[in-house]
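Enquirer: Sharing target_4.pdb, PDB, C-alpha atoms:
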```
ATOM      1  CA  VAL A  46       3.497  10.008 -28.154
ATOM      2  CA  TYR A  47       6.186  11.766 -26.146
ATOM      3  CA  VAL A  48       5.225  13.505 -22.913
ATOM      4  CA  HIS A  49       7.554  16.322 -21.861
ATOM      5  CA  HIS A  50       7.481  16.700 -18.077
ATOM      6  CA  HIS A  51       9.826  19.713 -17.990
ATOM      7  CA  VAL A  52      11.693  18.259 -15.026
ATOM      8  CA  ASN A  53      15.294  18.296 -16.277
ATOM      9  CA  HIS A  54      17.383  18.922 -19.377
ATOM     10  CA  HIS A  55      17.271  15.256 -20.355
ATOM     11  CA  ASP A  56      13.596  15.657 -21.292
ATOM     12  CA  ASP A  57      14.752  17.834 -24.209
ATOM     13  CA  VAL A  58      17.230  15.132 -25.289
ATOM     14  CA  GLU A  59      14.506  12.483 -25.241
ATOM     15  CA  GLU A  60      12.102  14.679 -27.199
ATOM     16  CA  GLU A  61      14.684  15.314 -29.912
ATOM     17  CA  PHE A  62      15.475  11.590 -30.088
ATOM     18  CA  CYS A  63      11.767  10.805 -30.594
ATOM     19  CA  ARG A  64      11.473  13.437 -33.316
ATOM     20  CA  THR A  65      14.482  12.037 -35.173
ATOM     21  CA  LEU A  66      13.341   8.432 -34.868
ATOM     22  CA  CYS A  67       9.798   9.158 -36.027
ATOM     23  CA  ASN A  68      11.105  11.146 -38.989
ATOM     24  CA  ILE A  69      13.240   8.189 -40.055
ATOM     25  CA  TYR A  70      10.295   5.778 -39.983
ATOM     26  CA  ASN A  71       7.696   8.324 -41.120
ATOM     27  CA  ILE A  72       5.644   7.934 -37.918
ATOM     28  CA  HIS A  73       3.329  10.673 -36.694
ATOM     29  CA  LEU A  74       4.499  12.044 -33.338
ATOM     30  CA  ASP A  75       2.520  13.967 -30.737
ATOM     31  CA  ILE A  76       4.530  16.018 -28.235
ATOM     32  CA  LEU A  77       2.545  16.678 -25.058
ATOM     33  CA  ASP A  78       3.640  19.140 -22.381
ATOM     34  CA  VAL A  79       2.669  18.606 -18.742
ATOM     35  CA  THR A  80       3.440  20.652 -15.649
ATOM     36  CA  LEU A  81       3.921  19.011 -12.264
ATOM     37  CA  ASP A  82       2.970  21.837  -9.925
ATOM     38  CA  VAL A  83       1.618  19.933  -6.918
ATOM     39  CA  LEU A  84       3.288  16.646  -5.986
ATOM     40  CA  ASN A  85       0.623  15.690  -3.449
ATOM     41  CA  LYS A  86       0.785  12.024  -4.480
ATOM     42  CA  GLY A  87       4.555  11.848  -4.784
ATOM     43  CA  PHE A  88       6.569  12.540  -7.907
ATOM     44  CA  GLU A  89       6.059   9.182  -9.606
ATOM     45  CA  ASN A  90       2.282   8.976  -9.141
ATOM     46  CA  THR A  91       1.755  12.659  -9.941
ATOM     47  CA  ALA A  92       3.803  12.368 -13.134
ATOM     48  CA  ARG A  93       1.950   9.202 -14.165
ATOM     49  CA  GLU A  94      -1.472  10.771 -13.697
ATOM     50  CA  ALA A  95      -0.446  13.921 -15.568
ATOM     51  CA  ARG A  96       1.038  11.837 -18.372
ATOM     52  CA  TYR A  97      -1.955   9.528 -18.808
ATOM     53  CA  THR A  98      -4.434  12.382 -18.546
ATOM     54  CA  ALA A  99      -2.629  14.258 -21.320
ATOM     55  CA  ILE A 100      -2.386  11.170 -23.545
ATOM     56  CA  SER A 101      -6.043  10.260 -23.029
ATOM     57  CA  LYS A 102      -7.099  13.502 -24.722
ATOM     58  CA  ILE A 103      -5.626  12.413 -28.052
ATOM     59  CA  ILE A 104      -6.091   8.619 -27.935
ATOM     60  CA  GLY A 105      -9.854   8.459 -28.442
ATOM     61  CA  GLU A 106     -10.871   4.970 -29.576
ATOM     62  CA  SER A 107      -7.295   3.942 -30.274
ATOM     63  CA  VAL A 108      -5.220   1.607 -28.102
ATOM     64  CA  LEU A 109      -2.263   2.922 -26.144
ATOM     65  CA  LEU A 110       0.768   0.615 -26.348
ATOM     66  CA  LEU A 111       3.212   0.790 -23.456
ATOM     67  CA  GLY A 112       6.677  -0.732 -23.133
ATOM     68  CA  HIS A 113       6.488  -2.250 -19.646
ATOM     69  CA  HIS A 114       8.509  -5.457 -19.261
ATOM     70  CA  ILE A 115       9.072  -8.186 -16.662
ATOM     71  CA  ASP A 116      11.445  -6.045 -14.591
ATOM     72  CA  ASP A 117       8.679  -3.460 -14.170
ATOM     73  CA  THR A 118       6.375  -6.137 -12.742
ATOM     74  CA  ILE A 119       9.054  -7.289 -10.300
ATOM     75  CA  GLU A 120       9.671  -3.715  -9.129
ATOM     76  CA  THR A 121       5.943  -3.099  -8.733
ATOM     77  CA  VAL A 122       5.355  -6.269  -6.699
ATOM     78  CA  LEU A 123       8.278  -5.535  -4.367
ATOM     79  CA  GLN A 124       7.107  -1.947  -3.890
ATOM     80  CA  ASN A 125       3.620  -3.144  -3.057
ATOM     81  CA  ILE A 126       4.956  -5.683  -0.549
ATOM     82  CA  PHE A 127       6.881  -2.947   1.253
ATOM     83  CA  ARG A 128       3.700  -0.837   1.334
ATOM     84  CA  GLY A 129       1.787  -3.637   3.026
ATOM     85  CA  THR A 130      -0.308  -4.629   0.045
ATOM     86  CA  GLY A 131      -3.254  -6.980  -0.151
ATOM     87  CA  ILE A 132      -3.519  -9.839  -2.628
ATOM     88  CA  ASN A 133      -4.274  -7.492  -5.554
ATOM     89  CA  GLY A 134      -0.946  -5.751  -5.077
ATOM     90  CA  LEU A 135       0.852  -9.029  -5.767
ATOM     91  CA  CYS A 136      -0.774  -9.431  -9.186
ATOM     92  CA  GLY A 137       1.847  -7.353 -10.985
ATOM     93  CA  ILE A 138       1.167  -5.190 -14.024
ATOM     94  CA  LYS A 139      -1.755  -6.234 -16.187
ATOM     95  CA  GLU A 140      -1.170  -6.888 -19.878
ATOM     96  CA  LYS A 141      -4.501  -5.313 -20.819
ATOM     97  CA  THR A 142      -6.312  -2.636 -18.821
ATOM     98  CA  PHE A 143      -8.821   0.168 -19.252
ATOM     99  CA  ASN A 144      -7.775   3.303 -17.428
ATOM    100  CA  PHE A 145      -8.167   7.073 -17.871
ATOM    101  CA  GLY A 146     -10.774   6.267 -20.516
ATOM    102  CA  MET A 147      -8.191   4.418 -22.631
ATOM    103  CA  HIS A 148      -7.630   0.837 -23.706
ATOM    104  CA  ILE A 149      -4.043   0.145 -22.618
ATOM    105  CA  TYR A 150      -2.003  -2.810 -23.881
ATOM    106  CA  ARG A 151       1.450  -3.832 -22.666
ATOM    107  CA  PRO A 152       2.652  -6.454 -25.179
ATOM    108  CA  LEU A 153       6.031  -7.092 -23.493
ATOM    109  CA  VAL A 154       5.157  -7.150 -19.790
ATOM    110  CA  ASN A 155       4.798 -10.929 -19.381
ATOM    111  CA  TYR A 156       7.344 -12.084 -21.926
ATOM    112  CA  VAL A 157      10.701 -10.264 -21.924
ATOM    113  CA  ASN A 158      12.911  -8.526 -19.395
ATOM    114  CA  LYS A 159      15.034  -5.418 -19.732
ATOM    115  CA  ASN A 160      18.261  -7.289 -20.490
ATOM    116  CA  GLN A 161      16.585  -9.170 -23.349
ATOM    117  CA  ILE A 162      15.295  -5.917 -24.792
ATOM    118  CA  ARG A 163      18.707  -4.283 -24.526
ATOM    119  CA  LYS A 164      20.386  -7.328 -26.128
ATOM    120  CA  TYR A 165      17.908  -7.188 -29.021
ATOM    121  CA  MET A 166      18.628  -3.495 -29.515
ATOM    122  CA  HIS A 167      22.376  -4.089 -29.648
ATOM    123  CA  THR A 168      22.059  -7.140 -31.906
ATOM    124  CA  HIS A 169      20.037  -5.185 -34.462
ATOM    125  CA  ASP A 170      21.975  -1.949 -33.994
ATOM    126  CA  LEU A 171      18.902   0.008 -32.898
ATOM    127  CA  ALA A 172      19.297   3.398 -31.270
ATOM    128  CA  TYR A 173      17.723   4.141 -27.898
ATOM    129  CA  VAL A 174      18.058   6.556 -25.004
ATOM    130  CA  GLU A 175      18.428   5.645 -21.355
ATOM    131  CA  ASP A 176      16.421   7.814 -18.976
ATOM    132  CA  GLU A 177      19.133   9.159 -16.701
ATOM    133  CA  SER A 178      16.621   9.647 -13.887
ATOM    134  CA  ASN A 179      16.329   5.851 -13.598
ATOM    135  CA  THR A 180      19.619   5.748 -11.683
ATOM    136  CA  GLN A 181      18.744   8.563  -9.272
ATOM    137  CA  LEU A 182      17.372   7.621  -5.858
ATOM    138  CA  PHE A 183      14.738  10.337  -5.485
ATOM    139  CA  THR A 184      11.853   7.864  -5.978
ATOM    140  CA  LYS A 185      11.108   4.690  -4.042
ATOM    141  CA  ARG A 186      10.908   2.705  -7.276
ATOM    142  CA  ASN A 187      14.475   3.695  -8.116
ATOM    143  CA  VAL A 188      15.598   2.549  -4.672
ATOM    144  CA  VAL A 189      13.961  -0.823  -5.322
ATOM    145  CA  ARG A 190      15.448  -0.972  -8.830
ATOM    146  CA  ASN A 191      19.015   0.069  -8.025
ATOM    147  CA  ILE A 192      19.552  -1.132  -4.448
ATOM    148  CA  VAL A 193      16.979  -3.696  -3.290
ATOM    149  CA  ILE A 194      16.824  -5.918  -6.388
ATOM    150  CA  PRO A 195      20.620  -6.099  -6.934
ATOM    151  CA  LEU A 196      21.026  -6.981  -3.246
ATOM    152  CA  LEU A 197      18.382  -9.701  -3.422
ATOM    153  CA  THR A 198      19.749 -11.194  -6.648
ATOM    154  CA  SER A 199      23.207 -11.417  -5.079
ATOM    155  CA  HIS A 200      21.787 -13.788  -2.428
ATOM    156  CA  TYR A 201      18.906 -15.549  -4.195
ATOM    157  CA  VAL A 202      19.033 -17.320  -7.562
ATOM    158  CA  ASP A 203      16.264 -16.680 -10.107
ATOM    159  CA  ILE A 204      14.421 -14.132  -7.974
ATOM    160  CA  ASP A 205      12.577 -12.979 -11.083
ATOM    161  CA  LYS A 206      11.142 -16.464 -11.628
ATOM    162  CA  ALA A 207      10.132 -16.680  -7.964
ATOM    163  CA  ILE A 208       8.286 -13.351  -8.071
ATOM    164  CA  LEU A 209       6.598 -14.173 -11.377
ATOM    165  CA  HIS A 210       5.424 -17.445  -9.795
ATOM    166  CA  LEU A 211       4.017 -15.388  -6.909
ATOM    167  CA  VAL A 212       2.277 -13.105  -9.421
ATOM    168  CA  GLN A 213       0.687 -16.096 -11.136
ATOM    169  CA  LYS A 214      -0.596 -17.539  -7.850
ATOM    170  CA  ALA A 215      -1.880 -14.132  -6.736
ATOM    171  CA  ASN A 216      -3.869 -13.710  -9.948
ATOM    172  CA  GLU A 217      -5.339 -17.183  -9.526
ATOM    173  CA  SER A 218      -6.293 -16.345  -5.933
ATOM    174  CA  VAL A 219      -8.028 -13.140  -7.036
ATOM    175  CA  VAL A 220     -10.158 -15.136  -9.475
ATOM    176  CA  LEU A 221     -11.095 -17.620  -6.735
ATOM    177  CA  HIS A 222     -11.940 -14.784  -4.321
ATOM    178  CA  GLU A 223     -14.170 -13.144  -6.928
ATOM    179  CA  ASN A 224     -15.931 -16.417  -7.766
ATOM    180  CA  LEU A 225     -16.613 -17.073  -4.083
ATOM    181  CA  ALA A 226     -17.835 -13.496  -3.590
ATOM    182  CA  GLN A 227     -20.257 -13.893  -6.492
ATOM    183  CA  ILE A 228     -21.734 -16.986  -4.832
ATOM    184  CA  ASP A 229     -22.039 -15.211  -1.479
ATOM    185  CA  ALA A 230     -23.521 -12.096  -3.115
ATOM    186  CA  CYS A 231     -26.196 -14.250  -4.704
ATOM    187  CA  ASN A 232     -26.959 -16.152  -1.488
ATOM    188  CA  SER A 233     -27.097 -12.975   0.582
ATOM    189  CA  GLN A 234     -29.433 -11.393  -2.006
ATOM    190  CA  VAL A 235     -27.304  -8.312  -2.605
ATOM    191  CA  THR A 236     -29.321  -5.643  -4.422
ATOM    192  CA  TYR A 237     -28.475  -2.080  -5.426
ATOM    193  CA  TYR A 238     -30.779   0.922  -5.066
ATOM    194  CA  GLY A 239     -28.928   3.940  -6.442
ATOM    195  CA  ASN A 240     -26.138   4.567  -3.956
ATOM    196  CA  HIS A 241     -27.659   2.179  -1.406
ATOM    197  CA  ILE A 242     -26.881  -1.519  -1.034
ATOM    198  CA  ARG A 243     -29.154  -4.061   0.629
ATOM    199  CA  PHE A 244     -28.253  -7.615   1.641
ATOM    200  CA  TYR A 245     -29.382 -10.482   3.856
ATOM    201  CA  HIS A 246     -27.059  -9.843   6.786
ATOM    202  CA  TYR A 247     -27.754 -13.101   8.638
ATOM    203  CA  TYR A 248     -26.252 -15.070   5.762
ATOM    204  CA  ILE A 249     -23.233 -12.765   5.602
ATOM    205  CA  ARG A 250     -22.563 -13.258   9.289
ATOM    206  CA  SER A 251     -22.779 -17.043   8.890
ATOM    207  CA  CYS A 252     -20.036 -16.953   6.243
ATOM    208  CA  GLY A 253     -17.322 -16.173   8.763
ATOM    209  CA  ILE A 254     -15.121 -13.108   9.029
ATOM    210  CA  VAL A 255     -12.792 -13.881   6.114
ATOM    211  CA  ARG A 256     -15.525 -14.581   3.565
ATOM    212  CA  CYS A 257     -17.462 -11.623   4.933
ATOM    213  CA  LYS A 258     -14.534  -9.297   4.237
ATOM    214  CA  ASN A 259     -14.063 -10.780   0.782
ATOM    215  CA  LEU A 260     -17.728 -10.192  -0.035
ATOM    216  CA  PHE A 261     -17.660  -6.558   1.091
ATOM    217  CA  TYR A 262     -14.584  -5.817  -1.002
ATOM    218  CA  TYR A 263     -16.386  -7.350  -3.975
ATOM    219  CA  ILE A 264     -19.652  -5.481  -3.349
ATOM    220  CA  PHE A 265     -18.223  -2.015  -2.822
ATOM    221  CA  ASN A 266     -15.120  -2.017  -5.028
ATOM    222  CA  GLY A 267     -17.133  -3.083  -8.053
ATOM    223  CA  ARG A 268     -19.393  -0.008  -8.010
ATOM    224  CA  ASN A 269     -16.966   2.604  -9.374
ATOM    225  CA  GLN A 270     -16.354   3.778  -5.830
ATOM    226  CA  PRO A 271     -13.019   4.611  -4.152
ATOM    227  CA  LYS A 272     -11.298   1.406  -3.091
ATOM    228  CA  LEU A 273     -12.230   0.340   0.420
ATOM    229  CA  LYS A 274      -9.512   0.252   3.050
ATOM    230  CA  SER A 275      -9.330  -2.728   5.387
ATOM    231  CA  VAL A 276     -10.256  -0.561   8.369
ATOM    232  CA  THR A 277     -13.434   0.517   6.534
ATOM    233  CA  VAL A 278     -14.389  -3.106   5.919
ATOM    234  CA  ASP A 279     -13.782  -3.884   9.597
ATOM    235  CA  ASN A 280     -16.121  -1.029  10.562
ATOM    236  CA  ILE A 281     -18.821  -2.282   8.192
ATOM    237  CA  ILE A 282     -18.627  -5.730   9.756
ATOM    238  CA  LYS A 283     -18.887  -4.237  13.260
ATOM    239  CA  THR A 284     -21.965  -2.291  12.137
ATOM    240  CA  VAL A 285     -23.580  -5.448  10.768
ATOM    241  CA  ASP A 286     -22.826  -7.320  14.010
ATOM    242  CA  LYS A 287     -24.253  -4.498  16.124
ATOM    243  CA  HIS A 288     -27.418  -4.357  13.991
ATOM    244  CA  ILE A 289     -27.978  -8.098  14.408
ATOM    245  CA  ASP A 290     -27.281  -8.016  18.149
ATOM    246  CA  ASP A 291     -29.739  -5.135  18.604
TER     247      ASP A 291
END
```
Could you render the structure from this file as structure tokens?
Expert:
Amino acid sequence: VYVHHHVNHHDDVEEEFCRTLCNIYNIHLDILDVTLDVLNKGFENTAREARYTAISKIIGESVLLLGHHIDDTIETVLQNIFRGTGINGLCGIKEKTFNFGMHIYRPLVNYVNKNQIRKYMHTHDLAYVEDESNTQLFTKRNVVRNIVIPLLTSHYVDIDKAILHLVQKANESVVLHENLAQIDACNSQVTYYGNHIRFYHYYIRSCGIVRCKNLFYYIFNGRNQPKLKSVTVDNIIKTVDKHIDD
């Protein structure tokens, strides 16, 4: 699948490259056109949503394979740190996800970096195109990619290994948080009635503020609802405290 964003002339070059390559290997190619009229979520996020939405219409029960690699995870983690992320933002890019109604698999994301991919391409004399927009600084990811990471690697050795270690520990922490939340949800007798949630608030209060927050994130974020912000969780806890005090 090639998605044409109609942003610059290089999109036409990439489309033609895909057509030629697929003809050589006798691979069916779908060309999808998207228009980015309103960039209310920023260029990168708007383009991603438009791209995935378009692809989802033709994927059906198939699996979408994406070419993310280790460098993409490093960029994502650094971006999330600068945004003030929680623990989930340190978990990197998942190898397998379900999003936009599609099963998405990224077979390279935990195993090879961009330099290894490029070396393989040169070794086997394989043609590829470089997205010229990757070097332009109009997105925050490109700033991280072209300025922040080179600066960090010039002062710290094996920064990629350090961040991947952080990703591993973050994923382990998320599992522990979820396991603890499941125990607390059971002990506080959390039950769901349509859009309403009931729980034994005296137990929740006895857990302490940190476990209480962890439980609320687990309860509300697992119900196909918009992700809770920390300030919302703080307000819920204040409401629970006020109810008990009254």
Enquirer: Find, counting only C-alpha atoms, the residue in A:Asn224, A:Ile119, A:Ala172, A:Thr184 that gets nearest to A:Ala207.
Expert: A:Ile119
Enquirer: Select from stretch 92-207 of chain A every residue with an atom at most 10 Å from any atom of stretch 66-78 of chain A, then for each give the shortest pair of atoms and their distance in Å to one decimal, using only C-alpha atoms, rows by chain and rising number, as CSV.
Expert:
```
residue,atom,partner,partner_atom,distance
A:Ala95,CA,A:Asp78,CA,9.5
A:Arg96,CA,A:Leu77,CA,8.4
A:Ala99,CA,A:Leu77,CA,6.8
A:Ile100,CA,A:Leu77,CA,7.5
A:Ile103,CA,A:Asp75,CA,8.7
A:Ala172,CA,A:Leu66,CA,8.6
A:Tyr173,CA,A:Leu66,CA,9.3
```
Enquirer: Print the selection's residues with C-alpha atoms to a file, as a compact mmCIF listing (two decimals), keeping the file's coordinate frame.
Expert:
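In the end it all went to part-v9.txt:
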```
# COMPACT_ATOMS: atom_id res chain seq x y z
CA ALA A 95 -0.45 13.92 -15.57
CA ARG A 96 1.04 11.84 -18.37
CA ALA A 99 -2.63 14.26 -21.32
CA ILE A 100 -2.39 11.17 -23.54
CA ILE A 103 -5.63 12.41 -28.05
CA ALA A 172 19.30 3.40 -31.27
CA TYR A 173 17.72 4.14 -27.90
```
Enquirer: May I have a table of the residues of stretch 170-262 of chain A lying at most 12 Å from stretch 153-157 of chain A, giving each one's closest pair of atoms and their distance in Å to one decimal, counting only C-alpha atoms, ordered by chain and ascending residue number, as CSV?
Expert:
```
residue,atom,partner,partner_atom,distance
A:Asp205,CA,A:Val157,CA,11.3
A:Lys206,CA,A:Asn155,CA,11.4
A:Leu209,CA,A:Asn155,CA,8.8
A:His210,CA,A:Asn155,CA,11.6
A:Val212,CA,A:Asn155,CA,10.5
A:Gln213,CA,A:Asn155,CA,10.6
```
Enquirer: Nearest to A:Asn125 among A:Ile104, A:Val202, A:Ala230, A:Arg186, with distances taken over only C-alpha atoms: which residue is it?
Expert: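 Ranked by minimum distance to A:Asn125, first place goes to A:Arg186.
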Enquirer: Taking 6 positions as the minimum chain separation for residues in the same chain, which residues sit within 9 Å of A:Ile282 when counting all atoms listed in the file? Answer as a VMD selection string.
Expert: chain A and resid 250 254 257 to 258 261
Enquirer: Kindly export the residues of the current selection with C-alpha atoms, as an mmCIF file, keeping the file's coordinate frame.
Expert:
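Saved result, selection.cif, follows:
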```cif
data_model
loop_
_atom_site.group_PDB
_atom_site.id
_atom_site.type_symbol
_atom_site.label_atom_id
_atom_site.label_comp_id
_atom_site.auth_asym_id
_atom_site.auth_seq_id
_atom_site.Cartn_x
_atom_site.Cartn_y
_atom_site.Cartn_z
ATOM 1 C CA ARG A 250 -22.563 -13.258 9.289
ATOM 2 C CA ILE A 254 -15.121 -13.108 9.029
ATOM 3 C CA CYS A 257 -17.462 -11.623 4.933
ATOM 4 C CA LYS A 258 -14.534 -9.297 4.237
ATOM 5 C CA PHE A 261 -17.660 -6.558 1.091
#
```
Enquirer: So, counting all atoms listed in the file, which residue among A:Thr118, A:Thr130, A:Thr180, A:Gln227 is closest to A:Lys159?
Expert: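 Using all atoms listed in the file, A:Lys159 sits closest to A:Thr118.
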Enquirer: Figure out the distance between atom CA of A:Glu140 and atom CA of A:Cys63, please, to one decimal in Å.
Expert: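 That distance, rounded to one decimal, is 24.4 Å.
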